[in-house]
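Working notes, beginning with the structure itself.
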2 protein chains.
Amino acid sequence: MNIGILGGGQLARMMAQAGRSLGLNFMFLCPDIYACAAPFGEHLCVPYGDEDAQKRLANWADITTYEFENVPLSVVDSVQKKVSLYPSSSVLSVARDRLKEKTLFRNLGIPTANFSPVDSLEDLRNAMKNIGFSAILKTRTDGYDGKGQALLHGKNDLPSAWMKVGKAPCIVESMVAFNRELSIIAVRDQRGKMVFYPLSENHHRDGILRLSISRQDDPMQARAEAKIRYIMEDLNYVGTMALELFQVKDQLFANEFAPRVHNSGHWTIEAAQTSQFENHLRAICGFPLGKTTSVQSAAMVNLIGLLPSERQILNITDATPHFYCKAERPGRKVGHVTLTSKDYTSEDFQQRLSTLLQLAGQPELAELNFLNAATQTSHN
Amino acid sequence: MNIGILGGGQLARMMAQAGRSLGLNFMFLCPDIYACAAPFGEHLCVPYGDEDAQKRLANWADITTYEFENVPLSVVDSVQKKVSLYPSSSVLSVARDRLKEKTLFRNLGIPTANFSPVDSLEDLRNAMKNIGFSAILKTRTDGYDGKGQALLHGKNDLPSAWMKVGKAPCIVESMVAFNRELSIIAVRDQRGKMVFYPLSENHHRDGILRLSISRQDDPMQARAEAKIRYIMEDLNYVGTMALELFQVKDQLFANEFAPRVHNSGHWTIEAAQTSQFENHLRAICGFPLGKTTSVQSAAMVNLIGLLPSERQILNITDATPHFYCKAERPGRKVGHVTLTSKDYTSEDFQQRLSTLLQLAGQPELAELNFLNAATQTSHN
């Protein structure tokens with residue numbers, strides 16, 4: 001079976017790595033000449049808008065998907081007219097627009113931060129009367145990894161924030177004083193069957209995910225599953241989805257969802273029975289979904305900007321590196337490392353994780369005690 | 001780091017699949033234009049003897065290895081003169097010659113079948129006076145998956161057997177009436193550190209491996225480890241090695257060793273902490289070895305000649321297919337499926353294995369009761 005992917009970064013790469021063993025073939029439409037998925041299939045290296053390339057992809061592929069939500073919606077629409085595409089372009093139109101997304105959460109009765117649309121500096125000033133400081137101004141579309149965002153601590157910040165986001169259509173949200181950041185990853189097949197991975201507990205710095213810990217038997221699991229279930233059913237979703245959540249005391253606030261495999265689910269490659277990548281492919285191909293149970297405890301540490309040597313990583317017991325073969329650049333995700341353990345609560349695991357975090361240039365995270373993380377306050 | 005591999009079949013393919021995540025790059029020298037490893041690196045598609053290609057491989061690679069023992073020894077010798085190569089060509093010269101191999105076992109005090117060299121029909125007739133029927137005549141080199149072998153049940157078989165093996169230099173061996181066929185897979189690094197996988201229990205038909213079951217806590221584990229340890233130390237071996245053994249009551253006879261990753265170790269991809277492929281690369285690159293412990297019970301079923309559909313396989317719970325993307329041809333290994341379970345003794349696991357074996361066209365194996373395998377007689 002032939003799978004066409006819009007985008008050619010590490011998510012497409014890991015999807016193709018999972019899919020090759022299933023006998024699937026891959027083609028990537030991605031304008032980046034260094035697309036790191038390229039070695040795992042055919043790479044159409046042209047702008048997304050190139051109609052000949054879209055046709056070629058659609059003619060070749062049995063099923064298409066996308067690896068990130070900033071692919072132009074018009075391109076996804078156009079490909080979907082020619083060949084099966086999951087998740088559908090109507091899903092993408094919600095996921096890529098923070099206003100539509102938050103409105104969906106609200107309509108489904110899922111708690112969110114207070115929010116308001118902002119199309120001008122005046123809108124922003126008015127909105128802040130209800131929202132209250134501190135707040136975050138975010139572009140409705142095209143933001144990721146903390147890009148397209150500005151913090152608002154007081155009235156004086158408003159003009160510069162409005163400049164910083166490029167005067168683009170925005171949403172302003174109140175800051176949530178959360179205890180934990182979590183994400184739930186789930187997969188829904190073409191007949192509506194759903195499977196859910198154990199929660200990931202996430203630690204960001206500067207808007208970029210640094211560390212995810214898989215939380216088996218987390219007390220918030222059932223509540224998180226209920227929320228992503230509503231969303232997937234409402235959207236008639238097919239594929240892997242990630243829902244980012246803030247835990248405030250024992251309540252969960254939805255932050256955003258990603259209509260794709262997600263960085264906080266990379267640990268599933270080593271530690272779940274079926275990875276999020278394989279299950280996304282199973283879902284979009286119409287194959288039965290694989291089990292999502294953890295076979296081990298796991299933590300995933302992103303490698304941002306710089307790669308330690310393989311040797312340094314492999315010196316850590318039960319550490320599995322994933323190098324994406326991307327050029328090193330400040331703030332760029334160039335790889336990740338998964339650390340597994342039979343016993344997540346062991347001192348040994350905590351020590352290895354601490355070593356790994358120091359190696360990954362995250363010494364301040366290394367000092368946290370993750371065993372108590374459920375009661376600890378972290379900051380975005 | 002750049003890894004050059006002589007050969008480009010499924011073993012090279014799975015090695016490269018494991019190595020890409022470690023940030024390793026691959027080049028394959030393989031005369032088969034359909035080399036199934038090709039998508040995972042650069043493919044030099046010329047005869048092994050092509051000196052320009054050997055030079056190109058040696059100049060590009062930091063480390064070289066081979067994926068099967070029928071690569072011409074002269075080629076391995078020549079590459080080894082130019083660039084680091086593991087396991088060394090002196091290892092290969094033993095592994096590819098059944099007479100040298102059996103002699104090594106004998107010199108190390110490891111029990112084997114009775115054997116004798118055969119270079120003529122007269123040799124064969126003389127040898128049979130000591131060996132006794134039934135016996136097997138095997139070419140000293142270039143045999144695999146039952147090729148280059150002839151069974152000898154009585155005197156009348158000798159002339160036709162000698163014809164069948166092409167009058168090539170041979171070894172004749174007595175048939176061993178074994179209770180089980182086992183293999184032990186081990187890895188030795190450049191400083192002599194060794195790690196051992198749990199035993200595989202193997203089931204052949206027509207000289208081709210059909211089924212391997214990983215045997216945690218097998219009573220023969222320690223004895224098998226001692227034998228492969230002697231061999232690896234004697235050869236100053238670096239990399240993954242497989243030693244095939246016959247169990248006769250509580251004694252182990254060495255049959256042959258493979259200086260490479262091995263079909264009976266494919267289950268390590270899903271069910272061991274570190275796969276045999278990754279550990280081979282770690283060893284030859286000088287990285288620390290990964291742990292060999294099982295994280296689950298597993299069985300591996302080869303797909304011979306024909307591929308069932310992905311859907312049929314994925315309908316079986318916890319079955320992971322590996323399609324090699326090779327053309328289907330009678331007797332050819334075109335893929336394998338690993339089945340995992342927390343509880344190897346569960347009826348559920350036995351039932352899923354039975355379904356898988358039927359799907360793989362091995363209904364007669366499906367009828368065996370593997371829980372009692374340790375006491376059961378099987379036939380090569």
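In the structure tokens, each chain is lettered A, B, ... as it comes, each chain's residues begin at 1, and ligands are numbered from 1 in order of appearance.
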
A:Ala242 surroundings by only C-alpha atoms, 9 Å radius, close-in-sequence under 6 positions cut, as a ChimeraX atom specification
/A:183-187,228,256-262,264-265

Neighbouring residues of A:Leu29 were defined as those with any atom within 12 Å, considering only C-alpha atoms; residues of the same chain fewer than 2 positions away were excluded. Please report them as number ranges by chain.
A: 3-9, 12, 26-27, 31-33, 35, 37-38, 41-58, 60-61, 64-67, 71, 75-76, 79

Exercise answer, chain A residues close to chain B, 6 Å and only C-alpha atoms, as a ChimeraX atom specification:
/A:21-23,287-288,311,315,321-323

For those residues, write all heavy atoms to a file as a PDB file, in the first residue's frame.
ATOM      1  N   SER A  21       8.200  -1.655   7.738  1.00  0.00           N
ATOM      2  CA  SER A  21       8.120  -3.052   8.148  1.00  0.00           C
ATOM      3  C   SER A  21       6.749  -3.651   7.854  1.00  0.00           C
ATOM      4  O   SER A  21       6.625  -4.859   7.696  1.00  0.00           O
ATOM      5  CB  SER A  21       8.413  -3.189   9.639  1.00  0.00           C
ATOM      6  OG  SER A  21       9.736  -2.787   9.902  1.00  0.00           O
ATOM      7  N   LEU A  22       5.729  -2.792   7.806  1.00  0.00           N
ATOM      8  CA  LEU A  22       4.382  -3.281   7.475  1.00  0.00           C
ATOM      9  C   LEU A  22       4.207  -3.454   5.968  1.00  0.00           C
ATOM     10  O   LEU A  22       3.121  -3.770   5.502  1.00  0.00           O
ATOM     11  CB  LEU A  22       3.316  -2.295   7.972  1.00  0.00           C
ATOM     12  CG  LEU A  22       3.239  -1.985   9.467  1.00  0.00           C
ATOM     13  CD1 LEU A  22       2.118  -0.991   9.743  1.00  0.00           C
ATOM     14  CD2 LEU A  22       3.001  -3.258  10.267  1.00  0.00           C
ATOM     15  N   GLY A  23       5.262  -3.192   5.207  1.00  0.00           N
ATOM     16  CA  GLY A  23       5.180  -3.347   3.757  1.00  0.00           C
ATOM     17  C   GLY A  23       4.590  -2.122   3.073  1.00  0.00           C
ATOM     18  O   GLY A  23       4.179  -2.196   1.918  1.00  0.00           O
ATOM     19  N   PHE A 287      -6.545  -0.820   8.850  1.00  0.00           N
ATOM     20  CA  PHE A 287      -6.119  -2.054   9.525  1.00  0.00           C
ATOM     21  C   PHE A 287      -6.618  -2.031  10.974  1.00  0.00           C
ATOM     22  O   PHE A 287      -6.907  -0.961  11.518  1.00  0.00           O
ATOM     23  CB  PHE A 287      -4.594  -2.168   9.535  1.00  0.00           C
ATOM     24  CG  PHE A 287      -3.963  -2.263   8.177  1.00  0.00           C
ATOM     25  CD1 PHE A 287      -2.695  -1.733   7.953  1.00  0.00           C
ATOM     26  CD2 PHE A 287      -4.608  -2.895   7.113  1.00  0.00           C
ATOM     27  CE1 PHE A 287      -2.088  -1.826   6.706  1.00  0.00           C
ATOM     28  CE2 PHE A 287      -4.007  -2.987   5.868  1.00  0.00           C
ATOM     29  CZ  PHE A 287      -2.747  -2.446   5.666  1.00  0.00           C
ATOM     30  N   PRO A 288      -6.666  -3.202  11.630  1.00  0.00           N
ATOM     31  CA  PRO A 288      -7.042  -3.192  13.050  1.00  0.00           C
ATOM     32  C   PRO A 288      -6.000  -2.422  13.867  1.00  0.00           C
ATOM     33  O   PRO A 288      -4.803  -2.496  13.578  1.00  0.00           O
ATOM     34  CB  PRO A 288      -7.015  -4.681  13.432  1.00  0.00           C
ATOM     35  CG  PRO A 288      -6.938  -5.443  12.155  1.00  0.00           C
ATOM     36  CD  PRO A 288      -6.370  -4.542  11.115  1.00  0.00           C
ATOM     37  N   ARG A 311      27.908   7.832  21.673  1.00  0.00           N
ATOM     38  CA  ARG A 311      28.582   7.106  22.754  1.00  0.00           C
ATOM     39  C   ARG A 311      28.115   7.597  24.133  1.00  0.00           C
ATOM     40  O   ARG A 311      27.841   6.801  25.021  1.00  0.00           O
ATOM     41  CB  ARG A 311      30.093   7.274  22.617  1.00  0.00           C
ATOM     42  CG  ARG A 311      30.913   6.485  23.634  1.00  0.00           C
ATOM     43  CD  ARG A 311      32.392   6.717  23.449  1.00  0.00           C
ATOM     44  NE  ARG A 311      32.780   6.469  22.079  1.00  0.00           N
ATOM     45  CZ  ARG A 311      33.101   5.265  21.601  1.00  0.00           C
ATOM     46  NH1 ARG A 311      33.088   4.223  22.401  1.00  0.00           N
ATOM     47  NH2 ARG A 311      33.441   5.107  20.343  1.00  0.00           N
ATOM     48  N   ASN A 315      26.063   5.214  26.727  1.00  0.00           N
ATOM     49  CA  ASN A 315      26.644   4.893  28.037  1.00  0.00           C
ATOM     50  C   ASN A 315      25.580   4.842  29.135  1.00  0.00           C
ATOM     51  O   ASN A 315      25.821   4.288  30.205  1.00  0.00           O
ATOM     52  CB  ASN A 315      27.706   5.928  28.417  1.00  0.00           C
ATOM     53  CG  ASN A 315      29.093   5.485  27.988  1.00  0.00           C
ATOM     54  OD1 ASN A 315      29.399   4.300  28.019  1.00  0.00           O
ATOM     55  ND2 ASN A 315      29.918   6.414  27.575  1.00  0.00           N
ATOM     56  N   PRO A 321      18.647   6.296  21.600  1.00  0.00           N
ATOM     57  CA  PRO A 321      18.643   7.579  20.901  1.00  0.00           C
ATOM     58  C   PRO A 321      17.923   7.487  19.554  1.00  0.00           C
ATOM     59  O   PRO A 321      17.916   6.438  18.915  1.00  0.00           O
ATOM     60  CB  PRO A 321      20.130   7.848  20.674  1.00  0.00           C
ATOM     61  CG  PRO A 321      20.781   6.500  20.667  1.00  0.00           C
ATOM     62  CD  PRO A 321      19.926   5.588  21.501  1.00  0.00           C
ATOM     63  N   HIS A 322      17.314   8.586  19.179  1.00  0.00           N
ATOM     64  CA  HIS A 322      16.747   8.750  17.836  1.00  0.00           C
ATOM     65  C   HIS A 322      17.320  10.034  17.275  1.00  0.00           C
ATOM     66  O   HIS A 322      16.955  11.122  17.723  1.00  0.00           O
ATOM     67  CB  HIS A 322      15.221   8.832  17.890  1.00  0.00           C
ATOM     68  CG  HIS A 322      14.573   7.567  18.327  1.00  0.00           C
ATOM     69  ND1 HIS A 322      13.988   6.696  17.437  1.00  0.00           N
ATOM     70  CD2 HIS A 322      14.452   7.001  19.545  1.00  0.00           C
ATOM     71  CE1 HIS A 322      13.512   5.649  18.108  1.00  0.00           C
ATOM     72  NE2 HIS A 322      13.779   5.800  19.387  1.00  0.00           N
ATOM     73  N   PHE A 323      18.232   9.891  16.338  1.00  0.00           N
ATOM     74  CA  PHE A 323      18.793  11.074  15.685  1.00  0.00           C
ATOM     75  C   PHE A 323      18.009  11.294  14.394  1.00  0.00           C
ATOM     76  O   PHE A 323      17.788  10.361  13.637  1.00  0.00           O
ATOM     77  CB  PHE A 323      20.273  10.842  15.355  1.00  0.00           C
ATOM     78  CG  PHE A 323      21.178  10.835  16.566  1.00  0.00           C
ATOM     79  CD1 PHE A 323      22.552  10.628  16.415  1.00  0.00           C
ATOM     80  CD2 PHE A 323      20.687  11.044  17.844  1.00  0.00           C
ATOM     81  CE1 PHE A 323      23.403  10.623  17.524  1.00  0.00           C
ATOM     82  CE2 PHE A 323      21.525  11.043  18.954  1.00  0.00           C
ATOM     83  CZ  PHE A 323      22.881  10.823  18.788  1.00  0.00           C
TER      84      PHE A 323
END

Would you give me, as a VMD selection string, the residues in stretch 171-341 of chain A that DSSP reads as strand (DSSP E)?
chain A and resid 171 to 174 180 to 188 194 to 196 199 to 205 208 to 215 239 to 248 251 to 258 297 to 304 319 to 323 333 to 341

Write out as number ranges by chain each polymer residue whose atoms come within 6 Å of B:Arg215, counting only C-alpha atoms; drop sequence neighbours fewer than 6 positions from it.
B: 198-200

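Candidate residues B:Gln276, B:Ser212, B:Ser116, B:Asn130 were compared for distance to B:Glu173, and the nearest is B:Ser116, using only C-alpha atoms.
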
From the DSSP assignment of the backbone, select every residue of stretch 88-337 of chain B that is alpha helix (DSSP H), and format the answer as a ChimeraX atom specification.
/B:89-95,98-107,121-131,157-164,221-235,268-271,276-285,310-314

Of A:Pro111, A:Gly143, A:Gly154, A:Gly192, the one sitting nearest A:Met128 when using only C-alpha atoms is A:Gly154

Length of the atom CA of B:Met194 to atom CA of B:Ile208 vector [Å]
28.4 Å

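Nearest residue to B:Asn126, choosing from B:Leu85, B:Val301, B:Thr112, B:Val172 and counting only C-alpha atoms: B:Val172.
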
Give me the residues near B:Leu353 as an MDAnalysis selection string, where near means some atom within 8 Å (using only C-alpha atoms) and where sequence neighbours in that chain fewer than 4 positions away do not count.
chainID B and resid 299 339 349 357 366

Could you name the residues that touch stretch 137-139 of chain B at 12 Å or less, counting only C-alpha atoms, but leaving out those on the same chain fewer than 3 positions away, as an NGL selection string?
:B and (96-99 or 114-121 or 123-125 or 127-128 or 131 or 133-134 or 142-153 or 157-175)

Tell me which protein, DNA and RNA residues are within 9 Å of B:Gly361, counting only C-alpha atoms, leaving out same-chain ones fewer than 3 positions away, and put them as a VMD selection string.
chain B and resid 303 to 304 306 356 to 358 364

Hey, can you spit out that residue selection with all heavy atoms as a short mmCIF file (atom, residue, chain, number, x, y, z; two decimals), in the first residue's frame?
data_model
loop_
_atom_site.label_atom_id
_atom_site.label_comp_id
_atom_site.auth_asym_id
_atom_site.auth_seq_id
_atom_site.Cartn_x
_atom_site.Cartn_y
_atom_site.Cartn_z
N LEU B 303 7.83 -16.04 7.19
CA LEU B 303 6.92 -16.08 6.05
C LEU B 303 7.74 -16.56 4.86
O LEU B 303 8.66 -15.88 4.41
CB LEU B 303 6.32 -14.69 5.80
CG LEU B 303 5.56 -14.12 7.01
CD1 LEU B 303 5.12 -12.68 6.75
CD2 LEU B 303 4.36 -14.99 7.37
N ILE B 304 7.44 -17.78 4.42
CA ILE B 304 8.26 -18.43 3.40
C ILE B 304 7.50 -18.48 2.08
O ILE B 304 6.41 -19.05 2.01
CB ILE B 304 8.59 -19.89 3.80
CG1 ILE B 304 9.05 -19.97 5.25
CG2 ILE B 304 9.60 -20.52 2.84
CD1 ILE B 304 10.47 -19.65 5.50
N LEU B 306 5.40 -16.96 0.39
CA LEU B 306 4.19 -16.17 0.18
C LEU B 306 3.93 -15.25 1.36
O LEU B 306 4.16 -15.63 2.51
CB LEU B 306 2.98 -17.10 0.03
CG LEU B 306 2.80 -17.78 -1.33
CD1 LEU B 306 1.74 -18.86 -1.21
CD2 LEU B 306 2.42 -16.77 -2.40
N LEU B 356 -1.45 -17.78 13.73
CA LEU B 356 -0.38 -17.20 12.92
C LEU B 356 0.31 -18.27 12.07
O LEU B 356 0.61 -18.06 10.89
CB LEU B 356 0.62 -16.49 13.83
CG LEU B 356 1.88 -15.92 13.18
CD1 LEU B 356 1.51 -14.91 12.08
CD2 LEU B 356 2.76 -15.24 14.22
N LEU B 357 0.55 -19.43 12.66
CA LEU B 357 1.23 -20.50 11.93
C LEU B 357 0.36 -20.99 10.77
O LEU B 357 0.88 -21.29 9.69
CB LEU B 357 1.57 -21.65 12.88
CG LEU B 357 2.77 -21.37 13.80
CD1 LEU B 357 2.80 -22.35 14.97
CD2 LEU B 357 4.09 -21.45 13.02
N GLN B 358 -0.91 -21.05 10.97
CA GLN B 358 -1.80 -21.46 9.87
C GLN B 358 -1.77 -20.42 8.76
O GLN B 358 -1.71 -20.76 7.58
CB GLN B 358 -3.21 -21.62 10.41
CG GLN B 358 -3.25 -22.62 11.56
CD GLN B 358 -4.47 -23.51 11.54
OE1 GLN B 358 -5.20 -23.55 10.57
NE2 GLN B 358 -4.66 -24.25 12.62
N GLU B 364 1.04 -27.76 10.26
CA GLU B 364 1.50 -28.90 11.07
C GLU B 364 2.24 -28.43 12.31
O GLU B 364 2.19 -29.06 13.36
CB GLU B 364 2.32 -29.90 10.23
CG GLU B 364 3.75 -29.49 9.90
CD GLU B 364 3.85 -28.34 8.90
OE1 GLU B 364 2.81 -27.79 8.48
OE2 GLU B 364 4.98 -27.96 8.56
#
